[in-house]
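Undergrad: If you scroll down you'll find the structure; I have some questions about it.
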Amino acid sequence: MNRHPYLRAYLAGIAVPTVFLLIVMSAYTVIRYVYAVPLAIEKVIVFPMAGVPNAWGLWNVLYAAFGRRHISLGLFGGALPLLLAPGGYVVTRLLGFSVPEHVLSVAPFALPVGLILYYLVWKYFVGFLNAELGIA
Amino acid sequence: MSEREVDEVRKLLKKFVPTVRDTELRRDLWPAMLKRMEQPPVHVPWWDWALLAGVALLFCLFPGMIPALLYHL
């Protein structure tokens, strides 16, 4: 399996957030429309729906192209929130979405937790897919 | 369907469906299968379990961070 390594890396990268997004969107739909929680996330939903999975795919392409000889996949993937967190915040500001106060107040804890979660998910899930597709 | 029609269909099929050549595998897949079967199961080091436990603890202490993380994952 030597053909199109970057395409395979992209597909392996977007697979995990795409599957996870299905769960998140189902939960969000229930919360928003069954329990009528007044939080208009649909204004900024484009970021997790389109931006995040593509960022994962492109990040894995970068890893396949440059990173795999120098750094472990877990550490490389764990660095992605350093780009996504400010990106997500910028999207909320540009679209005029007011982040709830209790979410903003825990942001200093959320970033290290996000780094750890990304490290674990990239190390085990994306690493598994990379190995299956012959990238690792 | 008469015998003549069957013959016609057979001729048409032979004419338009190309004969498959080179049906052998390009490489032997069995060594790769053996290699896969001999691989040890995934080993999760203790520090990864510790990180996961720490994250779970922080989720319990600060549940407000869950929506922010879901937004970025």
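Letters A, B, ... mark the chains of the structure tokens in the order given; residue numbers begin at 1 per chain; ligand numbers begin at 1, in order shown.
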Once you count only C-alpha atoms, what closest atom pair and distance in Å to one decimal does each residue of chain B within 12 Å of chain A have, with rows by chain and rising residue number, as a Markdown table?
TA:
| residue | atom | partner | partner_atom | distance |
| --- | --- | --- | --- | --- |
| B:Arg27 | CA | A:Met1 | CA | 11.9 |
| B:Arg36 | CA | A:Glu132 | CA | 10.7 |
| B:Pro41 | CA | A:Phe128 | CA | 11.9 |
| B:Val42 | CA | A:Tyr124 | CA | 8.9 |
| B:His43 | CA | A:Tyr124 | CA | 10.1 |
| B:Val44 | CA | A:Tyr124 | CA | 9.0 |
| B:Pro45 | CA | A:Leu120 | CA | 11.3 |
| B:Trp47 | CA | A:Leu120 | CA | 10.7 |
| B:Asp48 | CA | A:Leu120 | CA | 7.3 |
| B:Trp49 | CA | A:Leu120 | CA | 9.6 |
| B:Ala50 | CA | A:Ile116 | CA | 10.6 |
| B:Leu51 | CA | A:Ile116 | CA | 6.9 |
| B:Leu52 | CA | A:Leu117 | CA | 7.7 |
| B:Ala53 | CA | A:Ile116 | CA | 10.8 |
| B:Gly54 | CA | A:Val113 | CA | 8.6 |
| B:Val55 | CA | A:Val113 | CA | 6.0 |
| B:Ala56 | CA | A:Val113 | CA | 9.3 |
| B:Leu57 | CA | A:Val113 | CA | 10.4 |
| B:Leu58 | CA | A:Val113 | CA | 7.9 |
| B:Phe59 | CA | A:Val113 | CA | 8.8 |
| B:Leu61 | CA | A:Val106 | CA | 10.3 |
| B:Phe62 | CA | A:Val106 | CA | 6.9 |
| B:Pro63 | CA | A:Val106 | CA | 8.8 |
| B:Gly64 | CA | A:Val103 | CA | 5.2 |
| B:Met65 | CA | A:Ala110 | CA | 5.5 |
| B:Ile66 | CA | A:Ala110 | CA | 8.0 |
| B:Pro67 | CA | A:Val103 | CA | 7.4 |
| B:Ala68 | CA | A:Val103 | CA | 6.5 |
| B:Leu69 | CA | A:Gly114 | CA | 6.5 |
| B:Leu70 | CA | A:Val24 | CA | 7.0 |
| B:Tyr71 | CA | A:Pro48 | CA | 5.8 |
| B:His72 | CA | A:Pro48 | CA | 6.1 |
| B:Leu73 | CA | A:Pro17 | CA | 6.4 |
Undergrad: Got a sec: who's within 9 Å of Leu95 of chain A, counting only C-alpha atoms, leaving out chain neighbours fewer than 3 positions off, as a ChimeraX atom specification?
TA: /A:43-44,90-92
Undergrad: Keeping only N, CA and C atoms, write the selected residues as an mmCIF file, in the first residue's frame.
TA:
data_model
loop_
_atom_site.group_PDB
_atom_site.id
_atom_site.type_symbol
_atom_site.label_atom_id
_atom_site.label_comp_id
_atom_site.auth_asym_id
_atom_site.auth_seq_id
_atom_site.Cartn_x
_atom_site.Cartn_y
_atom_site.Cartn_z
ATOM 1 N N LYS A 43 -25.107 28.964 15.618
ATOM 2 C CA LYS A 43 -24.392 30.092 15.007
ATOM 3 C C LYS A 43 -22.919 29.777 14.782
ATOM 4 N N VAL A 44 -22.346 28.977 15.669
ATOM 5 C CA VAL A 44 -20.899 28.725 15.587
ATOM 6 C C VAL A 44 -20.587 27.252 15.334
ATOM 7 N N VAL A 90 -11.827 32.685 18.307
ATOM 8 C CA VAL A 90 -11.957 33.727 17.275
ATOM 9 C C VAL A 90 -13.270 33.565 16.511
ATOM 10 N N VAL A 91 -13.641 32.313 16.208
ATOM 11 C CA VAL A 91 -14.898 32.080 15.486
ATOM 12 C C VAL A 91 -16.084 32.563 16.310
ATOM 13 N N THR A 92 -16.073 32.272 17.616
ATOM 14 C CA THR A 92 -17.188 32.726 18.451
ATOM 15 C C THR A 92 -17.259 34.261 18.490
#
Undergrad: As a PyMOL selection string, list the residues of segment 35-124 of chain A assigned to alpha helix (DSSP H) by DSSP on the backbone atoms of this structure.
TA: chain A and resi 46+52-62+73-78+81-94+101-105+107-121
Undergrad: Separation of atom CA of Phe66 of chain A and atom CA of Leu133 of chain A, in Å?
TA: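 Taking atom CA of Phe66 of chain A as the start and atom CA of Leu133 of chain A as the end point, the length is 17.5 Å.
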Undergrad: Pick out the residues sitting within 8 Å of Leu115 of chain A, and hand them over as JSON, numbers by chain; count only C-alpha atoms, and ignore anything fewer than 6 positions along from it in its own chain.
TA: {"A": [78, 79, 80, 81, 82]}
Undergrad: Take the residues from that selection and write them out as a short mmCIF file (atom, residue, chain, number, x, y, z; two decimals), in the first residue's frame, keeping C-alpha atoms.
TA:
data_model
loop_
_atom_site.label_atom_id
_atom_site.label_comp_id
_atom_site.auth_asym_id
_atom_site.auth_seq_id
_atom_site.Cartn_x
_atom_site.Cartn_y
_atom_site.Cartn_z
CA GLY A 78 -1.41 16.87 21.56
CA ALA A 79 -0.16 20.20 20.25
CA LEU A 80 -3.17 20.67 17.96
CA PRO A 81 -5.37 22.31 20.68
CA LEU A 82 -2.81 25.13 20.80
#
Undergrad: Rounded to one decimal place, report the atom CA of Trp59 of chain A-atom CA of Tyr10 of chain A distance in Å.
TA: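 Separation of atom CA of Trp59 of chain A and atom CA of Tyr10 of chain A: 8.0 Å.
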Undergrad: Excluding same-chain residues fewer than 3 positions from Asn60 of chain A, what lies within 7 Å of it counting only C-alpha atoms, as a PDB file with C-alpha atoms, in the first residue's frame?
TA:
ATOM      1  CA  ALA A   9      -3.098  10.240   6.334  1.00  0.00           C
ATOM      2  CA  TYR A  10      -5.869  12.799   5.816  1.00  0.00           C
ATOM      3  CA  GLY A  13      -6.960  12.029  10.679  1.00  0.00           C
ATOM      4  CA  TRP A  56      -7.214  16.827  12.248  1.00  0.00           C
ATOM      5  CA  GLY A  57      -6.823  15.510   8.709  1.00  0.00           C
ATOM      6  CA  TYR A  63       2.790  14.459  10.632  1.00  0.00           C
ATOM      7  CA  ALA A  64       3.094  11.978   7.771  1.00  0.00           C
TER       8      ALA A  64
END
Undergrad: In Å, how far is it from atom CA of Gly67 of chain A to atom CA of Val126 of chain A?
TA: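 Interatomic distance here is 14.2 Å.
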